[in-house]
Each structure stands twice: as structure tokens, then as C-alpha cells.
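Below is one structure, written out as C-alpha cells, with a few remarks after it.
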Protein chains: 2
Amino acid sequence: MKQKKIVTIGGGTGSFTLLSGLKNYQYDISAVVTMADDGGSTGKLRDELGVLPPGDIRQCLVALSDSSDEWRELMNYRFESGGLEGHNFGNLLLSALEKINGSFSSGIIEAIKILNVKGSVIPVSEDDMRLTIKLNDGCIITGEKELDENQQIRETGIYEVRLAHPVRANKRAVRAIENANFVIIGPGDHYGSIVPNLLISGIKNAIKKTKARVIFVAPLTNKMGQTDGFTVEDYVQNIEKLIGKKRINFVVYNSKKPHKNMIKRYEKKEGKNLLVMCENTKNKKYKIVEGDLLRKEKIIKENGDKLAHTRAFIRHDSDKLARAIALITEYSEYKSLNIS
Amino acid sequence: MKQKKIVTIGGGTGSFTLLSGLKNYQYDISAVVTMADDGGSTGKLRDELGVLPPGDIRQCLVALSDSSDEWRELMNYRFESGGLEGHNFGNLLLSALEKINGSFSSGIIEAIKILNVKGSVIPVSEDDMRLTIKLNDGCIITGEKELDENQQIRETGIYEVRLAHPVRANKRAVRAIENANFVIIGPGDHYGSIVPNLLISGIKNAIKKTKARVIFVAPLTNKMGQTDGFTVEDYVQNIEKLIGKKRINFVVYNSKKPHKNMIKRYEKKEGKNLLVMCENTKNKKYKIVEGDLLRKEKIIKENGDKLAHTRAFIRHDSDKLARAIALITEYSEYKSLNIS
């Protein structure tokens with residue numbers, strides 16, 4: 001049987017989670033990755049070495065890597081002091097490979113060999129990509145890192161996110177999308193990981209043009225000042241507006257409620273309407289695959305009396321997510337079956 | 001046929017050159033490496049991360065590595081700007097592996113896997129090793145890096161080099177020396193790469209005790225303020241005094257004169273009596289294997305008129321050096337043959 005070609009579009013932890021699950025299926029995977037990150041270790045390397053941002057690429061490489069656990073741990077190792085403080089070893093590897101091989105893409109190809117990566121990892125653009133964030137009060141802020149750090153965004157709210165200057169789509173990304181059987185958008189931070197990819201004309205056009213089925217993995221939670229109160233339908237509309245065409249065929253949605261303590265903690269930080277709800281979908285043109293997609297968080301007793309979560313993140317589970325995708329790729333061959 | 005066990009003792013470029021050649025023979029190789037370096041990238045990592053010095057170990061790993069040229073290039077890649085300036089990628093790899101694995105030695109074992117290294121690379125000590133340099137005028141200077149940088153040393157001259165505080169020999173190094181068929185001391189900077197190893201009691205005692213034949217590879221050149229006018233016999237005496245026993249069975253000596261232009265350039269920098277001569281060896285107890293051991297330097301025309309050397313280094317050639325060692329290891333089986 002011919003391998004189905006899947007292209008994922010995103011970045012960060014979302015792509016890491018999705019790819020870690022998909023890797024265990026017999027897909028031909030290409031991960032198209034945002035290049036807009038300019039914070040942390042990645043931001044420093046961009047500024048100081050003039051390299052392209054390695055952080056999101058690193059996460060995708062590690063997710064698809066078939067090398068030893070030691071290698072994976074090494075890639076994510078973060079130096080803790082001195083001039084190297086905060087740098088991920090994997091980021092340094094990618095930056096060195098870019099310098100040695102003359103371009104970021106050739107560097108990634110070397111990294112794919114070194115890390116025994118199953119699939120392709122493709123930067124969405126090889127140009128210097130920067131975001132401009134317009135707030136509801138008209139203020140303009142530059143830099144993707146501001147999404148996480150800037151208090152003004154949380155208070156005022158985002159009006160729209162744009163590219164600071166146009167960049168060209170990576171031709172390999174365009175070709176992968178055009179030749180795909182399935183294109184998966186998300187999961188990931190809407191403005192941080194998803195939207196930047198869709199701001200590039202070449203990518204939008206490829207999504208319009210491809211015969212692939214397009215799957216959108218809805219996020220689990222909304223972000224204050226960014227996507228307050230967004231429903232699944234809001235996300236879909238926002239994304240299809242960016243693409244310029246109703247292109248989403250399937251939505252993958254988590255319908256299981258997280259533990260109430262976890263919600264409480266999150267709402268304290270991110271405000272109300274934290275969870276992404278799926279409602280008012282009467283006129284929807286897409287099919288929804290829903291179910292429990294949550295990663296199980298261990299609950300441990302802290303100080304003997306209070307319930308606490310070891311990792312207070314509401315996250316997708318890699319395997320559950322991959323099963324939902326597998327259902328869709330199988331389903332597409334049995335069109336008589338029904339999904340709500 | 002059982003593989004002959006060879007232990008090299010040294011560090012830096014000398015060990016790199018020797019091991020690169022020996023790798024192509026069927027020896028069971030263990031490289032014992034000085035841990036006294038505290039300059040450059042290595043020095044910064046020692047100070048900022050509290051790791052053991054990775055530089056000399058890196059060179060030995062690369063020399064014995066059977067991995068791709070890309071990997072070897074990556075290991076030696078040096079960042080050129082920003083907070084990473086001057087750091088070798090390979091040094092960062094070793095420092096990260098030390099941190100992840102909890103000790104420098106376990107980190108090296110991981111690196112040996114990653115780099116497909118043929119043989120063992122053993123830090124001479126796992127303690128924090130520092131050198132104290134006593135000058136002829138009584139002044140005391142601390143730090144191995146001073147050997148290369150300190151003008152006072154060049155002018156006043158070294159009286160002796162000691163450990164700033166005693167360190168324990170690595171047990172694996174001791175075991176390797178005790179079980180070896182051949183121990184090769186050098187080539188390398190006398191005070192920078194050779195002597196530090198011989199200042200450790202456990203190492204001296206192992207060399208005294210081992211049944212191995214001990215080979216000394218004489219350096220090609222002397223260093224101003226350090227080994228001015230030293231002959232082969234001076235080096236041997238100096239080393240045997242440190243060991244505390246007449247233990248050297250063979251000396252490997254280059255008897256080919258380098259190109260006169262190269263000598264001129266070197267003498268300008270390092271003063272007279274640059275070349276290590278082999279004389280007054282009447283009462284010697286060791287055998288000398290001599291011949292052309294020089295690396296051929298390409299001579300190119302610069303500006304159309306002057307002869308210039310692409311790399312103005314008087315260096316051993318890896319293959320010639322390895323052949324000299326092979327002659328000795330073979331010869332030892334035919335004791336009736338004669339070497340001067």
C-alpha cells in the first residue's frame with residue numbers, strides 16, 4: 001500500500017505532540033514549521049549569529065527522530081549558567097550546521113541524517129521572518145516573543161497579526177502541501193504557531209490549490225488578549241479568512257473536560273472562557289471528530305493535604321491525537337461512514 | 001592475532017596527529033589525556049559551567065572517530081560571534097553530555113557512541129586539575145593557558161611546572177597503562193601536554209610498574225622560555241626524572257630538516273635553537289627510530305613573487321608517525337633486528 005502523504009503546519013509544542021504520535025503510523029510526514037520565533041535561546045541566536053530560528057525546527061526533529069533517548073535528551077538540554085545560559089543544545093547544533101552548510105535548509109538535512117529523522121522538517125520560509133502585532137487600541141508591537149511577554153497585549157487585545165515585511169514561501173513547503181493527501185493545521189498557539197504560516201502568500205495559495213483533505217486540530221484553550229472566548233467555529237473562520245477559501249474538511253476537537261483544579265489554575269492565569277467550546281456549528285461545512293484527546297496529568301498530594309498537578313498543563317495526548325488523525329485518513333477511504 | 005594494546009599519553013594537536021595515524025592500524029588504543037587546559041573555549045566552560053576541560057578530549061575523540069567528515073567538521077566548528085564566540089561545538093557537546101550524564105567520564109562514553117570512536121579516550125584525572133608555573137626568577141604563575149600567552153615566561157624562563165594541588169589519577173587510565181603492551185608519551189608541547197600527566201602520582205607509578213615498552217615521541221621544535229635548546233636527551237632525562245625511573249625504551253625522532261623558509265619564520269617567533277637535535281646519546285639506554293616524520297607543507301606563490309607556506313607549522317605527519325610506531329611494535333617481536 002502506498003504511504004499517505006501528510007503535511008503538518010504549525011510549530012512549537014503543538015507540532016511536537018502531533019508528530020510524536022504520527023511517527024508511529026506508516027505515514028510519509030512533512031512538517032512545515034513557522035520561522036517567526038524571536039524569543040529566548042532562538043532569539044539570541046538570530047540576533048547574535050544571524051541564523052534562522054532553530055527552536056521550532058528542533059522540536060519537530062526530536063519528535064520525528066528515531067535515535068536514542070540519550071540523543072533526544074541531549075537535543076533538549078538547556079545550559080544553565082554563564083554565556084551559554086538558556087541555550088538549548090539542539091539550537092546550537094542547528095546553528096552550527098547552518099553555518100557549516102551555508103544555509104538553514106542544508107543544515108536541517110544534515111541534522112535529519114544525524115538524528116535519524118523519519119520524514120521531512122521544512123522551514124516555512126528561508127527569509128528573515130518577523131511578526132507585527134496590531135492591538136485593538138491601534139498600537140503596533142514587533143516580535144513574536146511579545147505574545148508571551150507583553151502585558152499590554154493581555155489588557156488591550158490583538159486586532160490582527162501581520163508579517164513585518166513579506167517573505168517568500170519555501171518552495172519545498174509549497175511542493176509538499178500541493179502533493180499531500182492530508183494537510184493538518186495545528187494544534188498550537190493561534191498567533192504564535194499557526195497564523196504566521198498562513199500569512200505567507202505562497203503557503204495560502206498552496207492550501208487553496210492542493211487536492212489534500214485539510215484537517216484543523218482545534219486548540220484546547222484560549223489565550224487572554226489573543227483568542228478570548230473563541231469557539232471552534234471562530235478559529236475555523238479566522239483561519240479560512242486568512243487562507244481566502246473555505247478549505248477545512250475536518251476538525252479534530254477534544255470534548256473531554258480537564259480536571260476542575262487544572263481549569264481553576266488556568267483561569268486564574270488566562271481569564272474566563274478558557275476552554276475552547278464547540279457550538280453554533282449548524283452551518284458548518286466540515287466534519288468534526290471529537291472525543292477524549294487529553295493527556296492524563298498525574299495528580300499528587302502536596303504537603304499531604306492539597307491536590308496538586310505535577311505538570312499544570314492542559315495538553316493533547318500524542319497517541320490519542322494520532323488515533324483521531326488515523327480515523328480520518330482511514331475514513332476518507334470509506335465515505336459511506338458517518339462522522340458527526 | 002591478538003590486538004596489541006597501545007596507550008598514548010598527551011593532549012592537544014600532538015595526540016590528535018598520532019591517533020589519526022594509529023587509527024588505521026589494528027591496535028587496541030586508549031588515549032590518556034591531560035586535563036590541565038584552562039584557556040580559550042575550554043577555560044570559559046570550566047569557569048562558567050564548572051565542567052572538566054573538554055578541548056583535548058574533543059581532539060582525541062575526533063581523531064579516533066569513524067563517523068562522517070560532516071561530523072568531524074561539526075565537532076571542530078567554532079562559533080564566530082555573540083555570546084558563543086570562540087566556542088567549539090564539540091566542546092559544547094562534551095559539556096552538555098557531562099551535565100546530562102552526571103560525570104565527565106560518562107559523558108565521554110556517550111560521545112564515543114555518538115561519534116563511533118574506535119578505542120577509549122580517558123581523562124587523566126577527574127579532579128579539577130590546575131598548573132602552577134615557577135619561573136627562574138622565583139615568580140609563580142597559575143594556569144596552563146599562561147604557557148602560550150605570558151610574555152614573562154618567554155623572557156624569564158620556566159624553572160618547573162607543578163600541580164596547583166594534588167589530583168587523583170583516573171583509575172581507568174592507571175589500568176590501561178598497567179595492561180598495555182606499549183605506552184607512547186607524546187608528541188606534544190612539553191609543559192602544556194606531556195608534563196601535566198606525569199605530575200600525577202598514580203600515573204607515574206603505573207608507568208614504573210607496567211611491563212609495557214615505553215616509547216617517547218620527541219617534539220620537532222623547542223619553545224622560547226620553556227625548552228630553549230633542549231636536545232632529545234634533555235627531554236628524555238626530564239621525563240624520566242618526573243617518572244622517577246629510567247623507563248623509556250624507544251625514542252621516535254624526526255631527522256629531516258624542515259624547509260629553510262619555515263625555519264626562518266619559526267626562529268623569528270621562537271628564537272634560536274628551534275629544532276630539537278639528537279646528540280650526545282652515547283650512554284643512552286633507549287633505541288632511536290629516526291627518519292622523515294614531517295608533514296609536507298604545500299608551498300604556494302603569494303603575490304606572484306614570494307614563496308609562502310599555506311600553513312606555517314612544523315608538524316608531524318600522521319601516517320609517517322604511525323609507521324614509525326608500527327615498526328617498533330613489529331620490531332619488538334624480532335629482537336635480533338637492530339635499530340640504531
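Naming scheme: A, B, ... for chains in displayed order of the C-alpha cells; residues 1 onward per chain; ligands 1 onward as shown.
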Using backbone DSSP assignments, extract all helix (DSSP H, G or I) residues from region 13-187 of chain A; output them as a PyMOL selection string.
-> chain A and resi 13-22+40-49+55-64+69-76+82-84+89-101+104-114+146-149+151-156+171-178
Which polymer residues have any atom within 10 Å of an atom of Lys44 (chain B), counting only C-alpha atoms, with same-chain residues fewer than 4 positions away left out, as JSON, numbers by chain?
-> {"A": [82, 83], "B": [38, 39, 40, 48, 49, 50, 51, 53, 86, 87]}
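Taking CA of Ala63 (chain B) and CA of Ala326 (chain B) as the two end points, the separation is 17.7 Å.
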Pick out the chain B residues within 9 Å of chain A. Count only C-alpha atoms. Give them as an mmCIF file with all heavy atoms, in the first residue's frame.
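Written output follows (iface.cif):
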data_model
loop_
_atom_site.group_PDB
_atom_site.id
_atom_site.type_symbol
_atom_site.label_atom_id
_atom_site.label_comp_id
_atom_site.auth_asym_id
_atom_site.auth_seq_id
_atom_site.Cartn_x
_atom_site.Cartn_y
_atom_site.Cartn_z
ATOM 1 N N LYS B 44 36.711 28.928 29.419
ATOM 2 C CA LYS B 44 35.419 29.574 29.689
ATOM 3 C C LYS B 44 34.409 28.563 30.218
ATOM 4 O O LYS B 44 33.680 28.823 31.166
ATOM 5 C CB LYS B 44 34.874 30.180 28.381
ATOM 6 C CG LYS B 44 34.913 31.706 28.354
ATOM 7 C CD LYS B 44 33.946 32.244 27.302
ATOM 8 C CE LYS B 44 34.676 32.878 26.156
ATOM 9 N NZ LYS B 44 33.829 33.335 25.069
ATOM 10 N N LEU B 45 34.358 27.391 29.589
ATOM 11 C CA LEU B 45 33.402 26.367 30.017
ATOM 12 C C LEU B 45 33.721 25.881 31.430
ATOM 13 O O LEU B 45 32.814 25.661 32.236
ATOM 14 C CB LEU B 45 33.389 25.195 29.022
ATOM 15 C CG LEU B 45 32.873 25.554 27.625
ATOM 16 C CD1 LEU B 45 33.112 24.408 26.646
ATOM 17 C CD2 LEU B 45 31.384 25.895 27.669
ATOM 18 N N ASP B 47 35.139 27.642 33.789
ATOM 19 C CA ASP B 47 34.777 28.701 34.730
ATOM 20 C C ASP B 47 33.267 28.857 34.855
ATOM 21 O O ASP B 47 32.727 28.992 35.948
ATOM 22 C CB ASP B 47 35.369 30.048 34.270
ATOM 23 C CG ASP B 47 36.888 30.052 34.376
ATOM 24 O OD1 ASP B 47 37.431 29.158 35.056
ATOM 25 O OD2 ASP B 47 37.516 30.934 33.772
ATOM 26 N N GLU B 48 32.576 28.854 33.711
ATOM 27 C CA GLU B 48 31.162 29.228 33.729
ATOM 28 C C GLU B 48 30.238 28.063 34.052
ATOM 29 O O GLU B 48 29.191 28.244 34.661
ATOM 30 C CB GLU B 48 30.765 29.834 32.384
ATOM 31 C CG GLU B 48 31.499 31.145 32.103
ATOM 32 C CD GLU B 48 31.042 31.800 30.815
ATOM 33 O OE1 GLU B 48 30.286 31.157 30.057
ATOM 34 O OE2 GLU B 48 31.426 32.960 30.588
ATOM 35 N N LEU B 49 30.588 26.867 33.599
ATOM 36 C CA LEU B 49 29.700 25.718 33.831
ATOM 37 C C LEU B 49 30.238 24.768 34.892
ATOM 38 O O LEU B 49 29.545 23.852 35.315
ATOM 39 C CB LEU B 49 29.492 24.936 32.524
ATOM 40 C CG LEU B 49 28.900 25.686 31.332
ATOM 41 C CD1 LEU B 49 28.764 24.737 30.148
ATOM 42 C CD2 LEU B 49 27.535 26.276 31.675
ATOM 43 N N GLU B 70 31.346 15.139 7.894
ATOM 44 C CA GLU B 70 30.463 16.192 8.373
ATOM 45 C C GLU B 70 30.504 16.269 9.898
ATOM 46 O O GLU B 70 30.560 17.342 10.483
ATOM 47 C CB GLU B 70 29.009 15.952 7.928
ATOM 48 C CG GLU B 70 28.733 16.205 6.468
ATOM 49 C CD GLU B 70 29.152 15.047 5.577
ATOM 50 O OE1 GLU B 70 29.489 13.959 6.113
ATOM 51 O OE2 GLU B 70 29.159 15.237 4.349
ATOM 52 N N TRP B 71 30.473 15.109 10.524
ATOM 53 C CA TRP B 71 30.513 15.067 11.991
ATOM 54 C C TRP B 71 31.821 15.628 12.513
ATOM 55 O O TRP B 71 31.867 16.356 13.496
ATOM 56 C CB TRP B 71 30.353 13.624 12.488
ATOM 57 C CG TRP B 71 29.084 13.418 13.209
ATOM 58 C CD1 TRP B 71 28.064 12.601 12.844
ATOM 59 C CD2 TRP B 71 28.668 14.057 14.432
ATOM 60 N NE1 TRP B 71 27.057 12.689 13.752
ATOM 61 C CE2 TRP B 71 27.398 13.567 14.736
ATOM 62 C CE3 TRP B 71 29.245 14.984 15.285
ATOM 63 C CZ2 TRP B 71 26.686 13.969 15.857
ATOM 64 C CZ3 TRP B 71 28.539 15.402 16.406
ATOM 65 C CH2 TRP B 71 27.275 14.895 16.680
ATOM 66 N N GLU B 73 33.754 17.754 11.033
ATOM 67 C CA GLU B 73 33.764 19.200 10.813
ATOM 68 C C GLU B 73 32.909 19.892 11.880
ATOM 69 O O GLU B 73 33.292 20.925 12.439
ATOM 70 C CB GLU B 73 33.229 19.513 9.411
ATOM 71 C CG GLU B 73 33.506 20.946 8.996
ATOM 72 C CD GLU B 73 32.979 21.277 7.613
ATOM 73 O OE1 GLU B 73 32.518 20.354 6.909
ATOM 74 O OE2 GLU B 73 33.003 22.471 7.260
ATOM 75 N N LEU B 74 31.762 19.299 12.160
ATOM 76 C CA LEU B 74 30.859 19.865 13.164
ATOM 77 C C LEU B 74 31.544 19.929 14.527
ATOM 78 O O LEU B 74 31.484 20.944 15.231
ATOM 79 C CB LEU B 74 29.589 19.013 13.238
ATOM 80 C CG LEU B 74 28.555 19.402 14.283
ATOM 81 C CD1 LEU B 74 28.015 20.804 14.023
ATOM 82 C CD2 LEU B 74 27.394 18.402 14.293
ATOM 83 N N TYR B 77 33.805 22.804 14.678
ATOM 84 C CA TYR B 77 33.262 24.109 14.285
ATOM 85 C C TYR B 77 33.355 25.102 15.450
ATOM 86 O O TYR B 77 33.019 24.786 16.586
ATOM 87 C CB TYR B 77 31.803 23.985 13.828
ATOM 88 C CG TYR B 77 31.212 25.343 13.522
ATOM 89 C CD1 TYR B 77 31.565 26.026 12.364
ATOM 90 C CD2 TYR B 77 30.360 25.976 14.419
ATOM 91 C CE1 TYR B 77 31.080 27.290 12.101
ATOM 92 C CE2 TYR B 77 29.862 27.239 14.165
ATOM 93 C CZ TYR B 77 30.227 27.892 13.005
ATOM 94 O OH TYR B 77 29.756 29.153 12.764
ATOM 95 N N ARG B 78 33.811 26.309 15.118
ATOM 96 C CA ARG B 78 33.991 27.332 16.145
ATOM 97 C C ARG B 78 33.032 28.490 15.867
ATOM 98 O O ARG B 78 33.038 29.062 14.780
ATOM 99 C CB ARG B 78 35.437 27.833 16.081
ATOM 100 C CG ARG B 78 35.904 28.568 17.301
ATOM 101 C CD ARG B 78 37.328 29.032 17.098
ATOM 102 N NE ARG B 78 38.316 27.999 17.389
ATOM 103 C CZ ARG B 78 38.844 27.802 18.598
ATOM 104 N NH1 ARG B 78 38.506 28.572 19.609
ATOM 105 N NH2 ARG B 78 39.714 26.853 18.794
ATOM 106 N N PHE B 79 32.168 28.812 16.830
ATOM 107 C CA PHE B 79 31.246 29.940 16.665
ATOM 108 C C PHE B 79 32.030 31.240 16.594
ATOM 109 O O PHE B 79 33.025 31.406 17.298
ATOM 110 C CB PHE B 79 30.235 29.995 17.811
ATOM 111 C CG PHE B 79 29.212 28.906 17.763
ATOM 112 C CD1 PHE B 79 29.358 27.755 18.513
ATOM 113 C CD2 PHE B 79 28.091 29.030 16.950
ATOM 114 C CE1 PHE B 79 28.418 26.743 18.465
ATOM 115 C CE2 PHE B 79 27.144 28.025 16.901
ATOM 116 C CZ PHE B 79 27.299 26.879 17.658
ATOM 117 N N GLU B 80 31.560 32.151 15.758
ATOM 118 C CA GLU B 80 32.387 33.322 15.463
ATOM 119 C C GLU B 80 31.873 34.642 16.038
ATOM 120 O O GLU B 80 32.531 35.660 15.928
ATOM 121 C CB GLU B 80 32.570 33.456 13.952
ATOM 122 C CG GLU B 80 33.627 32.486 13.432
ATOM 123 C CD GLU B 80 33.563 32.306 11.934
ATOM 124 O OE1 GLU B 80 32.709 32.942 11.288
ATOM 125 O OE2 GLU B 80 34.366 31.512 11.419
ATOM 126 N N SER B 81 30.682 34.635 16.622
ATOM 127 C CA SER B 81 30.197 35.918 17.154
ATOM 128 C C SER B 81 29.227 35.698 18.308
ATOM 129 O O SER B 81 28.825 34.580 18.606
ATOM 130 C CB SER B 81 29.527 36.729 16.037
ATOM 131 O OG SER B 81 28.508 35.972 15.433
ATOM 132 N N GLY B 82 28.870 36.805 18.951
ATOM 133 C CA GLY B 82 27.896 36.751 20.044
ATOM 134 C C GLY B 82 28.430 36.053 21.272
ATOM 135 O O GLY B 82 29.634 35.880 21.448
ATOM 136 N N GLY B 83 27.519 35.647 22.137
ATOM 137 C CA GLY B 83 27.898 35.022 23.401
ATOM 138 C C GLY B 83 28.588 33.684 23.214
ATOM 139 O O GLY B 83 29.219 33.167 24.135
ATOM 140 N N LEU B 84 28.459 33.096 22.028
ATOM 141 C CA LEU B 84 29.061 31.788 21.768
ATOM 142 C C LEU B 84 30.447 31.903 21.159
ATOM 143 O O LEU B 84 31.107 30.897 20.908
ATOM 144 C CB LEU B 84 28.180 30.998 20.797
ATOM 145 C CG LEU B 84 26.781 30.654 21.285
ATOM 146 C CD1 LEU B 84 25.933 30.163 20.126
ATOM 147 C CD2 LEU B 84 26.858 29.588 22.353
ATOM 148 N N PHE B 89 31.997 23.702 18.832
ATOM 149 C CA PHE B 89 30.763 22.942 19.005
ATOM 150 C C PHE B 89 31.022 21.663 19.805
ATOM 151 O O PHE B 89 30.244 21.299 20.684
ATOM 152 C CB PHE B 89 30.144 22.606 17.654
ATOM 153 C CG PHE B 89 28.909 21.791 17.799
ATOM 154 C CD1 PHE B 89 27.711 22.391 18.122
ATOM 155 C CD2 PHE B 89 28.960 20.417 17.683
ATOM 156 C CE1 PHE B 89 26.574 21.632 18.313
ATOM 157 C CE2 PHE B 89 27.826 19.652 17.872
ATOM 158 C CZ PHE B 89 26.631 20.266 18.185
ATOM 159 N N LEU B 92 31.026 22.147 23.438
ATOM 160 C CA LEU B 92 29.672 22.306 23.989
ATOM 161 C C LEU B 92 28.994 20.944 24.111
ATOM 162 O O LEU B 92 28.304 20.662 25.088
ATOM 163 C CB LEU B 92 28.841 23.237 23.097
ATOM 164 C CG LEU B 92 29.425 24.636 22.875
ATOM 165 C CD1 LEU B 92 28.474 25.470 22.025
ATOM 166 C CD2 LEU B 92 29.691 25.327 24.206
ATOM 167 N N LEU B 93 29.215 20.088 23.102
ATOM 168 C CA LEU B 93 28.647 18.734 23.151
ATOM 169 C C LEU B 93 29.147 18.008 24.397
ATOM 170 O O LEU B 93 28.352 17.441 25.159
ATOM 171 C CB LEU B 93 29.051 17.959 21.894
ATOM 172 C CG LEU B 93 28.640 16.482 21.873
ATOM 173 C CD1 LEU B 93 27.142 16.337 21.621
ATOM 174 C CD2 LEU B 93 29.398 15.693 20.820
ATOM 175 N N ALA B 96 27.640 19.482 27.602
ATOM 176 C CA ALA B 96 26.235 19.095 27.774
ATOM 177 C C ALA B 96 26.142 17.635 28.201
ATOM 178 O O ALA B 96 25.381 17.287 29.110
ATOM 179 C CB ALA B 96 25.455 19.325 26.476
ATOM 180 N N LEU B 97 26.944 16.767 27.584
ATOM 181 C CA LEU B 97 26.911 15.340 27.939
ATOM 182 C C LEU B 97 27.395 15.120 29.371
ATOM 183 O O LEU B 97 26.883 14.242 30.071
ATOM 184 C CB LEU B 97 27.762 14.519 26.956
ATOM 185 C CG LEU B 97 27.176 14.363 25.552
ATOM 186 C CD1 LEU B 97 28.170 13.649 24.636
ATOM 187 C CD2 LEU B 97 25.849 13.587 25.576
ATOM 188 N N LYS B 99 26.983 17.261 31.829
ATOM 189 C CA LYS B 99 25.889 17.709 32.695
ATOM 190 C C LYS B 99 24.755 16.682 32.713
ATOM 191 O O LYS B 99 24.190 16.377 33.764
ATOM 192 C CB LYS B 99 25.356 19.061 32.200
ATOM 193 C CG LYS B 99 26.328 20.222 32.436
ATOM 194 C CD LYS B 99 26.380 20.575 33.921
ATOM 195 C CE LYS B 99 27.151 21.854 34.179
ATOM 196 N NZ LYS B 99 27.232 22.152 35.611
ATOM 197 N N ILE B 100 24.405 16.158 31.544
ATOM 198 C CA ILE B 100 23.277 15.214 31.458
ATOM 199 C C ILE B 100 23.619 13.902 32.155
ATOM 200 O O ILE B 100 22.805 13.327 32.868
ATOM 201 C CB ILE B 100 22.906 14.939 29.983
ATOM 202 C CG1 ILE B 100 22.312 16.196 29.339
ATOM 203 C CG2 ILE B 100 21.927 13.774 29.870
ATOM 204 C CD1 ILE B 100 22.110 16.090 27.845
ATOM 205 N N GLU B 110 29.220 8.414 26.291
ATOM 206 C CA GLU B 110 28.132 8.748 25.366
ATOM 207 C C GLU B 110 28.689 9.294 24.048
ATOM 208 O O GLU B 110 28.240 8.934 22.969
ATOM 209 C CB GLU B 110 27.200 9.790 25.990
ATOM 210 C CG GLU B 110 26.129 9.226 26.896
ATOM 211 C CD GLU B 110 25.334 8.109 26.249
ATOM 212 O OE1 GLU B 110 24.873 8.292 25.109
ATOM 213 O OE2 GLU B 110 25.194 7.041 26.875
ATOM 214 N N ILE B 114 28.156 8.212 20.134
ATOM 215 C CA ILE B 114 27.638 9.134 19.129
ATOM 216 C C ILE B 114 28.609 9.280 17.961
ATOM 217 O O ILE B 114 28.199 9.334 16.802
ATOM 218 C CB ILE B 114 27.388 10.532 19.779
ATOM 219 C CG1 ILE B 114 26.177 10.473 20.710
ATOM 220 C CG2 ILE B 114 27.203 11.609 18.726
ATOM 221 C CD1 ILE B 114 25.950 11.767 21.490
#
Mind checking which residues fall within 9 Å of Ile57 (chain B), counting only C-alpha atoms, ignoring those fewer than 2 positions away in the same chain, and posting them as a PyMOL selection string?
-> chain B and resi 11-12+31-35+53-55+59-62+91+94+108+121-123
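Using only C-alpha atoms, the protein and nucleic acid residues lying no more than 8 Å from Ser67 (chain B), apart from those fewer than 4 places from it along its own chain, are Trp71, Arg72, Leu115, Asn116 and Val117 of chain B.
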